[in-house]
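Student: The following file, start05.csv, comprises CSV, C-alpha atoms and all ligand atoms:
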chain,number,residue,atom,x,y,z
A,73,MET,CA,100.6,14.8,268.8
A,74,LEU,CA,98.8,14.8,265.5
A,75,SER,CA,99.3,12.0,263.0
A,76,ALA,CA,99.3,13.6,259.6
A,77,HIS,CA,100.5,12.5,256.2
A,78,VAL,CA,100.5,13.7,252.6
A,79,MET,CA,98.1,11.8,250.4
A,80,ALA,CA,99.9,9.4,248.1
A,81,GLY,CA,100.5,10.9,244.7
A,82,MET,CA,99.5,14.5,245.7
A,83,PRO,CA,101.9,17.4,245.5
A,84,GLY,CA,102.0,18.4,249.2
A,85,LEU,CA,98.3,19.1,249.8
A,86,PRO,CA,96.0,18.1,251.3
A,87,LEU,CA,97.6,16.9,254.5
A,88,VAL,CA,95.5,13.9,255.8
A,89,VAL,CA,94.7,13.4,259.4
A,90,SER,CA,93.2,10.0,260.3
A,91,PRO,CA,92.1,8.6,263.7
A,92,GLN,CA,94.8,6.6,265.5
A,93,GLU,CA,92.4,5.0,268.0
A,94,ASP,CA,89.2,6.9,268.5
A,95,ARG,CA,87.3,7.5,265.3
A,96,THR,CA,84.1,8.8,266.9
A,97,LEU,CA,82.9,12.4,266.6
A,98,GLU,CA,83.9,12.9,270.2
A,99,GLY,CA,87.4,11.7,269.4
A,100,LEU,CA,87.6,14.2,266.5
A,101,LYS,CA,86.4,17.0,268.6
A,102,ARG,CA,88.9,16.1,271.3
A,103,LEU,CA,91.6,16.2,268.7
A,104,SER,CA,90.5,19.7,267.6
A,105,GLU,CA,90.7,20.8,271.2
A,106,THR,CA,94.0,19.2,272.2
A,107,ALA,CA,95.8,19.7,269.0
A,108,SER,CA,94.2,22.9,267.7
A,109,ASP,CA,97.5,24.8,267.6
A,110,GLU,CA,99.1,22.0,265.6
A,111,ILE,CA,96.1,21.9,263.2
A,112,VAL,CA,96.3,25.7,262.7
A,113,SER,CA,100.0,25.5,262.1
A,114,HIS,CA,99.6,22.7,259.6
A,115,MET,CA,96.8,24.6,257.9
A,116,GLN,CA,99.1,27.6,257.6
A,117,SER,CA,102.1,25.7,256.3
A,118,VAL,CA,100.2,23.4,253.9
A,119,GLY,CA,97.0,25.3,253.4
A,120,ALA,CA,94.7,22.2,253.4
A,121,ILE,CA,93.9,19.5,255.9
A,122,LEU,CA,91.6,16.5,255.2
A,123,PHE,CA,90.2,14.7,258.2
A,124,ARG,CA,89.4,11.3,256.9
A,125,GLY,CA,88.0,8.2,258.7
A,126,PHE,CA,86.1,9.9,261.4
A,127,ASP,CA,82.5,9.2,262.1
A,128,VAL,CA,80.8,12.5,261.2
A,129,GLN,CA,77.3,11.7,260.2
A,130,SER,CA,75.2,14.9,260.0
A,131,ALA,CA,75.3,18.7,259.3
A,132,GLU,CA,74.9,19.3,263.0
A,133,GLN,CA,77.9,17.1,263.9
A,134,PHE,CA,79.9,18.8,261.2
A,135,GLN,CA,79.1,22.2,262.6
A,136,SER,CA,80.0,21.1,266.2
A,137,PHE,CA,83.4,20.0,264.9
A,138,ALA,CA,83.9,23.1,262.8
A,139,ALA,CA,83.1,25.3,265.8
A,140,GLY,CA,86.3,24.0,267.4
A,141,LEU,CA,88.4,25.3,264.4
A,142,THR,CA,86.8,28.6,263.7
A,143,GLU,CA,86.1,31.3,266.2
A,144,LYS,CA,83.3,33.0,264.3
A,145,PHE,CA,81.1,31.6,261.6
A,146,LEU,CA,80.2,33.8,258.7
A,147,ASP,CA,77.1,33.8,256.6
A,148,TYR,CA,77.1,33.7,252.8
A,149,ARG,CA,75.9,37.3,252.1
A,150,ARG,CA,76.8,38.4,248.6
A,151,GLY,CA,77.8,34.9,247.6
A,152,THR,CA,77.1,34.2,243.9
A,153,SER,CA,76.5,30.4,244.1
A,154,PRO,CA,72.9,29.1,244.6
A,155,ARG,CA,73.0,27.6,248.1
A,156,LYS,CA,70.6,26.4,250.8
A,157,LYS,CA,71.1,26.8,254.5
A,158,VAL,CA,71.1,23.4,256.2
A,159,ALA,CA,71.7,24.0,259.9
A,160,GLY,CA,73.0,27.0,261.8
A,161,GLN,CA,75.6,28.5,259.4
A,162,VAL,CA,76.1,25.3,257.4
A,163,TYR,CA,75.2,25.6,253.8
A,164,THR,CA,75.0,23.2,250.8
A,165,SER,CA,78.2,23.9,248.8
A,166,THR,CA,76.3,24.8,245.7
A,167,GLU,CA,73.0,24.0,244.0
A,168,ALA,CA,74.5,24.6,240.6
A,169,PRO,CA,73.4,21.9,238.0
A,170,PRO,CA,75.6,18.7,238.2
A,171,ARG,CA,77.1,19.1,234.7
A,172,ILE,CA,78.3,22.7,235.3
A,173,PRO,CA,81.9,23.0,236.7
A,174,ILE,CA,82.6,25.6,239.3
A,175,ALA,CA,85.9,27.4,238.6
A,176,LEU,CA,88.6,27.5,241.3
A,177,HIS,CA,88.1,30.4,243.6
A,178,CYS,CA,88.8,31.6,247.2
A,179,GLU,CA,85.5,32.1,248.9
A,180,LEU,CA,84.1,35.7,248.8
A,181,ALA,CA,87.5,37.1,247.7
A,182,TYR,CA,85.7,40.0,246.2
A,183,VAL,CA,84.5,41.5,249.6
A,184,ASN,CA,86.6,43.2,252.2
A,185,HIS,CA,85.5,40.9,255.1
A,186,TYR,CA,86.1,37.4,253.6
A,187,PRO,CA,86.4,34.2,255.6
A,188,ASP,CA,90.0,33.2,256.3
A,189,ARG,CA,89.1,29.6,256.6
A,190,ILE,CA,86.5,27.3,255.0
A,191,LEU,CA,85.4,23.8,255.9
A,192,PHE,CA,83.7,21.2,253.6
A,193,TYR,CA,81.9,18.1,254.8
A,194,CYS,CA,81.1,15.1,252.6
A,195,HIS,CA,77.7,13.8,253.7
A,196,THR,CA,77.1,11.9,250.5
A,197,ALA,CA,80.0,11.1,248.1
A,198,PRO,CA,79.1,11.3,244.4
A,199,THR,CA,79.2,8.0,242.4
A,200,GLU,CA,81.2,9.6,239.5
A,201,ARG,CA,83.5,12.6,239.6
A,202,GLY,CA,82.3,15.6,241.7
A,203,GLU,CA,85.6,16.3,243.3
A,204,THR,CA,86.3,19.6,245.0
A,205,PRO,CA,89.6,20.6,243.2
A,206,ILE,CA,91.9,22.6,245.4
A,207,CYS,CA,94.8,24.9,244.4
A,208,ASP,CA,97.6,26.7,246.1
A,209,MET,CA,97.2,30.4,245.2
A,210,GLY,CA,100.8,31.2,246.2
A,211,LYS,CA,101.9,28.8,243.4
A,212,VAL,CA,99.4,30.3,241.1
A,213,TYR,CA,100.9,33.8,241.7
A,214,GLU,CA,104.4,32.5,240.9
A,215,ALA,CA,103.2,30.7,237.7
A,216,ILE,CA,101.3,33.6,236.2
A,217,ASP,CA,103.2,35.4,233.4
A,218,PRO,CA,104.9,38.3,235.3
A,219,ARG,CA,103.7,40.9,232.7
A,220,VAL,CA,100.0,39.8,233.3
A,221,ARG,CA,100.6,39.7,237.0
A,222,GLN,CA,102.0,43.2,237.1
A,223,ARG,CA,99.0,44.6,235.3
A,224,PHE,CA,96.7,43.2,237.9
A,225,GLU,CA,99.0,44.2,240.8
A,226,ASP,CA,99.2,47.8,239.5
A,227,ARG,CA,95.6,48.3,238.6
A,228,GLY,CA,93.6,46.0,241.0
A,229,ILE,CA,90.2,44.8,239.9
A,230,ARG,CA,86.6,46.1,239.7
A,231,ILE,CA,83.8,43.7,240.3
A,232,ILE,CA,80.4,44.4,238.7
A,233,GLN,CA,77.2,42.6,239.6
A,234,ASN,CA,73.6,43.2,238.4
A,235,ILE,CA,71.4,41.1,240.5
A,236,ALA,CA,67.7,40.6,239.5
A,237,ALA,CA,64.8,40.9,241.9
A,238,GLU,CA,63.1,37.9,240.4
A,239,LYS,CA,64.3,34.5,239.4
A,240,SER,CA,64.4,33.7,235.7
A,241,TRP,CA,66.1,31.2,233.3
A,242,ARG,CA,69.1,33.6,233.3
A,243,SER,CA,69.3,34.3,237.0
A,244,LYS,CA,68.8,31.7,239.6
A,245,ARG,CA,69.7,33.9,242.6
A,246,THR,CA,67.9,37.1,243.4
A,247,TRP,CA,69.4,39.9,245.6
A,248,MET,CA,67.0,38.7,248.4
A,249,ASP,CA,68.7,35.3,248.2
A,250,MET,CA,72.1,36.8,248.0
A,251,PHE,CA,71.6,39.0,251.1
A,252,GLU,CA,69.3,36.7,253.0
A,253,THR,CA,66.8,39.6,253.4
A,254,ASP,CA,64.2,41.5,251.5
A,255,ASP,CA,64.9,44.7,253.4
A,256,LYS,CA,66.7,47.1,251.1
A,257,SER,CA,68.1,49.1,254.0
A,258,HIS,CA,70.0,46.0,255.3
A,259,VAL,CA,71.5,45.7,251.8
A,260,GLU,CA,72.5,49.3,251.8
A,261,GLN,CA,74.1,49.1,255.3
A,262,TYR,CA,76.1,46.1,254.2
A,263,CYS,CA,77.3,48.0,251.1
A,264,GLU,CA,78.3,51.0,253.2
A,265,HIS,CA,80.3,48.7,255.5
A,266,GLU,CA,82.0,46.9,252.6
A,267,GLN,CA,82.6,50.0,250.6
A,268,ILE,CA,80.5,48.9,247.7
A,269,ARG,CA,78.7,51.3,245.4
A,270,TRP,CA,75.1,50.3,244.9
A,271,LYS,CA,72.2,51.4,242.7
A,272,TRP,CA,68.6,50.2,242.5
A,273,LYS,CA,67.5,50.1,238.9
A,274,PRO,CA,63.8,50.8,237.8
A,275,ASP,CA,63.1,47.1,237.3
A,276,GLY,CA,64.2,46.3,240.8
A,277,THR,CA,67.7,45.0,239.8
A,278,LEU,CA,70.5,45.8,242.3
A,279,GLN,CA,73.7,46.9,240.8
A,280,LEU,CA,76.9,46.5,242.9
A,281,ILE,CA,80.4,47.8,241.9
A,282,ASN,CA,83.5,47.6,244.1
A,283,GLU,CA,87.2,47.6,243.7
A,284,ARG,CA,89.6,45.0,245.3
A,285,PRO,CA,93.3,44.3,245.1
A,286,ALA,CA,94.3,41.3,242.8
A,287,VAL,CA,97.1,40.2,245.1
A,288,VAL,CA,97.5,40.1,248.9
A,289,VAL,CA,100.4,39.3,251.2
A,290,HIS,CA,99.6,36.3,253.5
A,291,PRO,CA,99.6,37.7,257.0
A,292,VAL,CA,101.3,34.6,258.5
A,293,THR,CA,103.6,33.3,255.7
A,294,GLY,CA,104.4,36.7,254.1
A,295,GLN,CA,103.9,35.0,250.7
A,296,LYS,CA,102.2,36.9,247.8
A,297,ILE,CA,98.9,35.2,247.0
A,298,TRP,CA,96.7,35.5,243.9
A,299,PHE,CA,93.6,36.4,245.7
A,300,ASN,CA,90.9,37.5,243.3
A,301,SER,CA,87.9,36.2,241.4
A,302,ALA,CA,88.5,38.1,238.2
A,303,HIS,CA,88.2,34.9,236.1
A,304,ASN,CA,84.9,34.0,237.8
A,305,PHE,CA,83.3,37.4,237.2
A,306,HIS,CA,84.8,38.4,233.8
A,307,ASP,CA,82.2,38.1,231.1
A,308,SER,CA,84.1,35.3,229.6
A,309,TRP,CA,83.7,33.1,232.7
A,310,SER,CA,81.9,30.3,230.8
A,311,TRP,CA,85.1,29.6,228.9
A,312,GLU,CA,85.8,27.5,232.0
A,313,PHE,CA,83.6,24.8,230.4
A,314,ARG,CA,86.4,24.1,227.9
A,315,HIS,CA,88.7,22.9,230.7
A,316,VAL,CA,86.3,20.1,231.7
A,317,GLY,CA,85.5,19.0,228.1
A,318,LEU,CA,82.2,20.9,227.7
A,319,ARG,CA,83.2,22.5,224.4
A,320,GLY,CA,79.6,22.8,223.1
A,321,LEU,CA,78.5,24.8,226.2
A,322,SER,CA,81.6,26.9,226.0
A,323,LEU,CA,80.9,27.8,222.3
A,324,ILE,CA,77.2,28.7,223.0
A,325,SER,CA,78.3,30.9,226.0
A,326,ALA,CA,80.9,32.6,223.9
A,327,LEU,CA,78.3,33.5,221.3
A,328,ALA,CA,76.0,34.8,224.0
A,329,GLU,CA,78.8,36.9,225.4
A,330,ARG,CA,79.4,38.5,222.0
A,331,PHE,CA,75.7,39.3,221.7
A,332,ARG,CA,75.7,40.8,225.2
A,333,ARG,CA,78.7,43.0,224.5
A,334,ARG,CA,77.0,44.5,221.4
A,335,ARG,CA,73.8,45.3,223.3
A,336,ARG,CA,74.9,46.5,226.7
A,337,SER,CA,77.6,48.5,228.4
A,338,PRO,CA,79.9,46.4,230.6
A,339,GLU,CA,78.4,48.0,233.7
A,340,ASP,CA,75.1,46.3,232.9
A,341,PHE,CA,76.3,42.8,232.3
A,342,PRO,CA,74.9,40.3,234.9
A,343,ILE,CA,78.5,39.9,236.2
A,344,HIS,CA,81.7,41.3,235.0
A,345,CYS,CA,85.2,42.2,236.0
A,346,GLN,CA,87.5,45.0,234.8
A,347,TYR,CA,90.7,46.5,236.0
A,348,GLY,CA,90.2,48.7,239.1
A,349,ASP,CA,90.5,51.8,236.9
A,350,GLY,CA,87.7,50.7,234.6
A,351,GLY,CA,89.9,49.3,231.8
A,352,GLU,CA,88.8,46.0,230.1
A,353,ILE,CA,90.9,42.9,230.8
A,354,ALA,CA,92.1,41.1,227.7
A,355,GLY,CA,90.4,37.8,227.0
A,356,GLU,CA,93.8,36.1,226.4
A,357,ASP,CA,95.0,37.2,229.9
A,358,MET,CA,91.9,35.6,231.4
A,359,SER,CA,92.5,32.4,229.5
A,360,HIS,CA,96.1,32.3,230.6
A,361,ILE,CA,95.0,32.8,234.3
A,362,ARG,CA,92.4,30.0,233.9
A,363,GLN,CA,95.0,27.7,232.4
A,364,VAL,CA,97.4,28.3,235.3
A,365,LEU,CA,94.7,27.7,237.9
A,366,TRP,CA,93.8,24.3,236.3
A,367,ASN,CA,97.5,23.4,235.9
A,368,ASN,CA,97.8,23.7,239.7
A,369,ALA,CA,94.5,22.0,240.6
A,370,VAL,CA,94.8,19.0,242.9
A,371,LEU,CA,91.9,16.5,242.7
A,372,PHE,CA,91.0,13.6,245.0
A,373,PRO,CA,87.8,11.6,245.4
A,374,TRP,CA,85.5,12.4,248.3
A,375,GLU,CA,84.7,9.7,250.9
A,376,LYS,CA,81.7,9.8,253.1
A,377,GLY,CA,82.5,11.6,256.4
A,378,ASP,CA,85.5,13.6,255.1
A,379,VAL,CA,86.0,17.1,256.5
A,380,LEU,CA,88.3,19.4,254.5
A,381,LEU,CA,89.7,22.5,256.2
A,382,LEU,CA,91.2,25.1,253.9
A,383,ASP,CA,93.1,28.3,254.5
A,384,ASN,CA,90.8,30.4,252.3
A,385,LEU,CA,93.5,33.0,251.6
A,386,ARG,CA,96.0,30.5,250.4
A,387,VAL,CA,94.0,27.6,248.9
A,388,ALA,CA,91.2,28.0,246.3
A,389,HIS,CA,88.5,25.4,245.7
A,390,GLY,CA,86.0,24.5,242.9
A,391,ARG,CA,83.7,21.7,241.8
A,392,MET,CA,83.9,19.1,239.0
A,393,PRO,CA,80.8,18.0,237.2
A,394,PHE,CA,79.3,14.8,238.6
A,395,LYS,CA,76.8,12.0,238.3
A,396,GLY,CA,74.6,10.6,241.0
A,397,GLU,CA,73.7,12.1,244.3
A,398,ARG,CA,76.3,14.5,245.9
A,399,ARG,CA,75.9,16.3,249.2
A,400,ILE,CA,78.9,18.4,250.2
A,401,LEU,CA,78.2,20.9,253.0
A,402,VAL,CA,80.2,24.0,253.8
A,403,ALA,CA,80.9,26.4,256.7
A,404,MET,CA,82.9,29.5,256.6
A,405,GLY,CA,84.7,31.2,259.5
A,406,MET,CA,87.1,33.8,260.7
A,407,SER,CA,89.7,33.5,263.4
A,408,LYS,CA,90.1,36.3,265.8
A,409,SER,CA,93.8,35.6,266.1
A,410,GLN,CA,94.5,35.8,262.4
A,411,PRO,CA,95.4,39.4,261.4
A,412,ALA,CA,93.8,40.8,258.2
A,413,ALA,CA,95.8,40.2,255.0
A,414,LEU,CA,98.0,42.9,253.8
A,415,VAL,CA,97.1,44.4,250.5
A,416,GLY,CA,99.9,43.6,248.0
B,501,FE,FE,83.1,28.3,247.0
In structure tokens, write the structure found in this file.

Tutor:
Amino acid sequence: MLSAHVMAGMPGLPLVVSPQEDRTLEGLKRLSETASDEIVSHMQSVGAILFRGFDVQSAEQFQSFAAGLTEKFLDYRRGTSPRKKVAGQVYTSTEAPPRIPIALHCELAYVNHYPDRILFYCHTAPTERGETPICDMGKVYEAIDPRVRQRFEDRGIRIIQNIAAEKSWRSKRTWMDMFETDDKSHVEQYCEHEQIRWKWKPDGTLQLINERPAVVVHPVTGQKIWFNSAHNFHDSWSWEFRHVGLRGLSLISALAERFRRRRRSPEDFPIHCQYGDGGEIAGEDMSHIRQVLWNNAVLFPWEKGDVLLLDNLRVAHGRMPFKGERRILVAMGMSKSQPAALVG
């Protein structure tokens, strides 16, 4: 029987699982073997489980525990965040500069074959801030203005990416980094498989465009879930800085956005999101969605050795700016037993 409790002061998530007797890695792995059904059922009812107080000391130990909770690890192809592979299919959570916040998002929600669970491991806790905010996307769906929601549900979204072949001050991640290959035919095969339209531009830039639903029905709970990354891809994404007090950065980015819009067509922006039919999404709708996401964010400080398991369909995650060293590792997986989400 699993001993789990809701963290004090938190609105239902995450559920915390702590050791009753055996706090060793072996004890944790035994727990994931003997109580795996209970863990999955808690994950599906709450969306987030925090394993705290266990002795997990390395990326390899994290991966061996994660292997008990996910049937197939996924790599990070087409991911937008700069990351490093640490061991097997364990990555650093992001290499983005410490002062930059990462907006709440469900991992790889913009591809057809996304992970249905994601695990984080705290190897080194930051000395100041650096939380991984989490957010119930079922609640977000309910909280979004029904008129805004309906537009997204009716029209879906279109994701646009123009990924450079070389690193520069503007782009820290090339298409080779993103696809973990320099073989164009591998990229093209992936795009075929994921139903993404691609184009190689004369300067070597790779353009990707694909459509996704904005809302899905959770295959287990039947709940409607706001499952899209429109706010991360929309050209106004850097407005996110306002929500964590970086108003100066937000202003500079807004000016750069205006400049970009005058000089290029939206299909040539580094990243952008439109409605699925190619119509532009109003800036105030994006602002409203960002506000709802932050209103529903749950924050708790990391402790060394923590492992956080999220239902990636139901619970989004992000990153707060931080000071000091911070090493949070991540693994993504897919369960064979979980049916694909239904398109809303
Ligand atoms: Fe992420």

Student: Compile the contact shell of Leu191 of chain A as a VMD selection string: residues with an atom at most 7 Å away, counting only C-alpha atoms, same-chain residues fewer than 5 positions apart removed.

Tutor: chain A and resid 379 to 382 402 to 404

Student: Would you list the contacts of Thr199 of chain A as a JSON list (two decimals) with C-alpha atoms, keeping the file's coordinate frame, taking every protein, DNA or RNA residue within 12 Å and counting all atoms listed in the file, but skipping same-chain residues closer than 2 positions in sequence?

Tutor:
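Output contents, as saved in around-v4.json:
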[["chain", "number", "residue", "atom", "x", "y", "z"],
["A", 196, "THR", "CA", 77.10, 11.90, 250.50],
["A", 197, "ALA", "CA", 80.00, 11.10, 248.10],
["A", 201, "ARG", "CA", 83.50, 12.60, 239.60],
["A", 202, "GLY", "CA", 82.30, 15.60, 241.70],
["A", 203, "GLU", "CA", 85.60, 16.30, 243.30],
["A", 373, "PRO", "CA", 87.80, 11.60, 245.40],
["A", 374, "TRP", "CA", 85.50, 12.40, 248.30],
["A", 375, "GLU", "CA", 84.70, 9.70, 250.90],
["A", 376, "LYS", "CA", 81.70, 9.80, 253.10],
["A", 393, "PRO", "CA", 80.80, 18.00, 237.20],
["A", 394, "PHE", "CA", 79.30, 14.80, 238.60],
["A", 395, "LYS", "CA", 76.80, 12.00, 238.30],
["A", 396, "GLY", "CA", 74.60, 10.60, 241.00],
["A", 397, "GLU", "CA", 73.70, 12.10, 244.30],
["A", 398, "ARG", "CA", 76.30, 14.50, 245.90],
["A", 399, "ARG", "CA", 75.90, 16.30, 249.20]]

Student: Which one is closest to Pro187 of chain A: A:Tyr163, A:Tyr262, A:Trp272, A:Tyr148? Count only C-alpha atoms.

Tutor: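 The answer is A:Tyr148, which sits nearest to Pro187 of chain A.
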
Student: If you count all atoms listed in the file, which residues fall within 7 Å of Tyr182 of chain A, apart from same-chain ones fewer than 4 positions away, as a PyMOL selection string?

Tutor: chain A and resi 284+300-301

Student: Write out, as a Markdown table, each residue of chain A that has an atom at most 9 Å from ligand FE 501 (chain B), together with the closest pair of atoms and their distance in Å to one decimal, counting all atoms listed in the file, rows going by chain and rising number.

Tutor:
| residue | atom | partner | partner_atom | distance |
| --- | --- | --- | --- | --- |
| A:Gly151 | CA | B:FE501 | FE | 8.5 |
| A:Thr152 | CA | B:FE501 | FE | 9.0 |
| A:Ser153 | CA | B:FE501 | FE | 7.5 |
| A:Ser165 | CA | B:FE501 | FE | 6.8 |
| A:Thr166 | CA | B:FE501 | FE | 7.8 |
| A:Ile174 | CA | B:FE501 | FE | 8.2 |
| A:Ala175 | CA | B:FE501 | FE | 8.9 |
| A:Leu176 | CA | B:FE501 | FE | 8.0 |
| A:His177 | CA | B:FE501 | FE | 6.4 |
| A:Cys178 | CA | B:FE501 | FE | 6.6 |
| A:Glu179 | CA | B:FE501 | FE | 4.9 |
| A:Leu180 | CA | B:FE501 | FE | 7.7 |
| A:Ile190 | CA | B:FE501 | FE | 8.7 |
| A:Ala388 | CA | B:FE501 | FE | 8.1 |
| A:His389 | CA | B:FE501 | FE | 6.3 |
| A:Gly390 | CA | B:FE501 | FE | 6.3 |
| A:Arg391 | CA | B:FE501 | FE | 8.4 |
| A:Val402 | CA | B:FE501 | FE | 8.6 |

Student: For the residues in that selection, give me C-alpha atoms as a PDB file, keeping the file's coordinate frame.

Tutor:
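Output file result-v2.pdb is given in full below:
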ATOM      1  CA  GLY A 151      77.800  34.900 247.600  1.00  0.00           C
ATOM      2  CA  THR A 152      77.100  34.200 243.900  1.00  0.00           C
ATOM      3  CA  SER A 153      76.500  30.400 244.100  1.00  0.00           C
ATOM      4  CA  SER A 165      78.200  23.900 248.800  1.00  0.00           C
ATOM      5  CA  THR A 166      76.300  24.800 245.700  1.00  0.00           C
ATOM      6  CA  ILE A 174      82.600  25.600 239.300  1.00  0.00           C
ATOM      7  CA  ALA A 175      85.900  27.400 238.600  1.00  0.00           C
ATOM      8  CA  LEU A 176      88.600  27.500 241.300  1.00  0.00           C
ATOM      9  CA  HIS A 177      88.100  30.400 243.600  1.00  0.00           C
ATOM     10  CA  CYS A 178      88.800  31.600 247.200  1.00  0.00           C
ATOM     11  CA  GLU A 179      85.500  32.100 248.900  1.00  0.00           C
ATOM     12  CA  LEU A 180      84.100  35.700 248.800  1.00  0.00           C
ATOM     13  CA  ILE A 190      86.500  27.300 255.000  1.00  0.00           C
ATOM     14  CA  ALA A 388      91.200  28.000 246.300  1.00  0.00           C
ATOM     15  CA  HIS A 389      88.500  25.400 245.700  1.00  0.00           C
ATOM     16  CA  GLY A 390      86.000  24.500 242.900  1.00  0.00           C
ATOM     17  CA  ARG A 391      83.700  21.700 241.800  1.00  0.00           C
ATOM     18  CA  VAL A 402      80.200  24.000 253.800  1.00  0.00           C
TER      19      VAL A 402
END

Student: Which residue is closest to Leu122 of chain A? Choose from A:Leu85, A:Val370, A:Leu278, A:Val259 and count only C-alpha atoms.

Tutor: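 With only C-alpha atoms as the atom set, the closest residue is A:Leu85.
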
Student: Ranking A:Gln116, A:Asn384, A:Thr253, A:Gln267 by minimum distance to Arg149 of chain A and counting only C-alpha atoms, which one comes first?

Tutor: A:Thr253

Student: Which of these residues is nearest to Pro86 of chain A, using only C-alpha atoms: A:His265, A:His114, A:Arg102, A:His290?

Tutor: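 The closest residue to Pro86 of chain A is A:His114.
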
Student: In terms of the shortest atom-to-atom distance over all atoms listed in the file, which of A:Arg171, A:Met406, A:Leu327, A:Trp247 is closest to Glu200 of chain A?

Tutor: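 Of A:Arg171, A:Met406, A:Leu327, A:Trp247, the one nearest Glu200 of chain A is A:Arg171, counting all atoms listed in the file.
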
Student: Which residue out of A:Pro205, A:Lys296, A:Val88, A:Trp309 has the minimum interatomic distance to Ala369 of chain A when all atoms listed in the file are used?

Tutor: A:Pro205

Student: In the coordinates of the file, take the point (66.5, 41.1, 241.4) and a cut-off of 6 Å; then, counting all atoms listed in the file, name each qualifying protein, DNA or RNA residue as a list in words.

Tutor: Ile235, Ala236, Ala237, Glu238, Thr246, Trp247, Gly276 and Thr277 of chain A
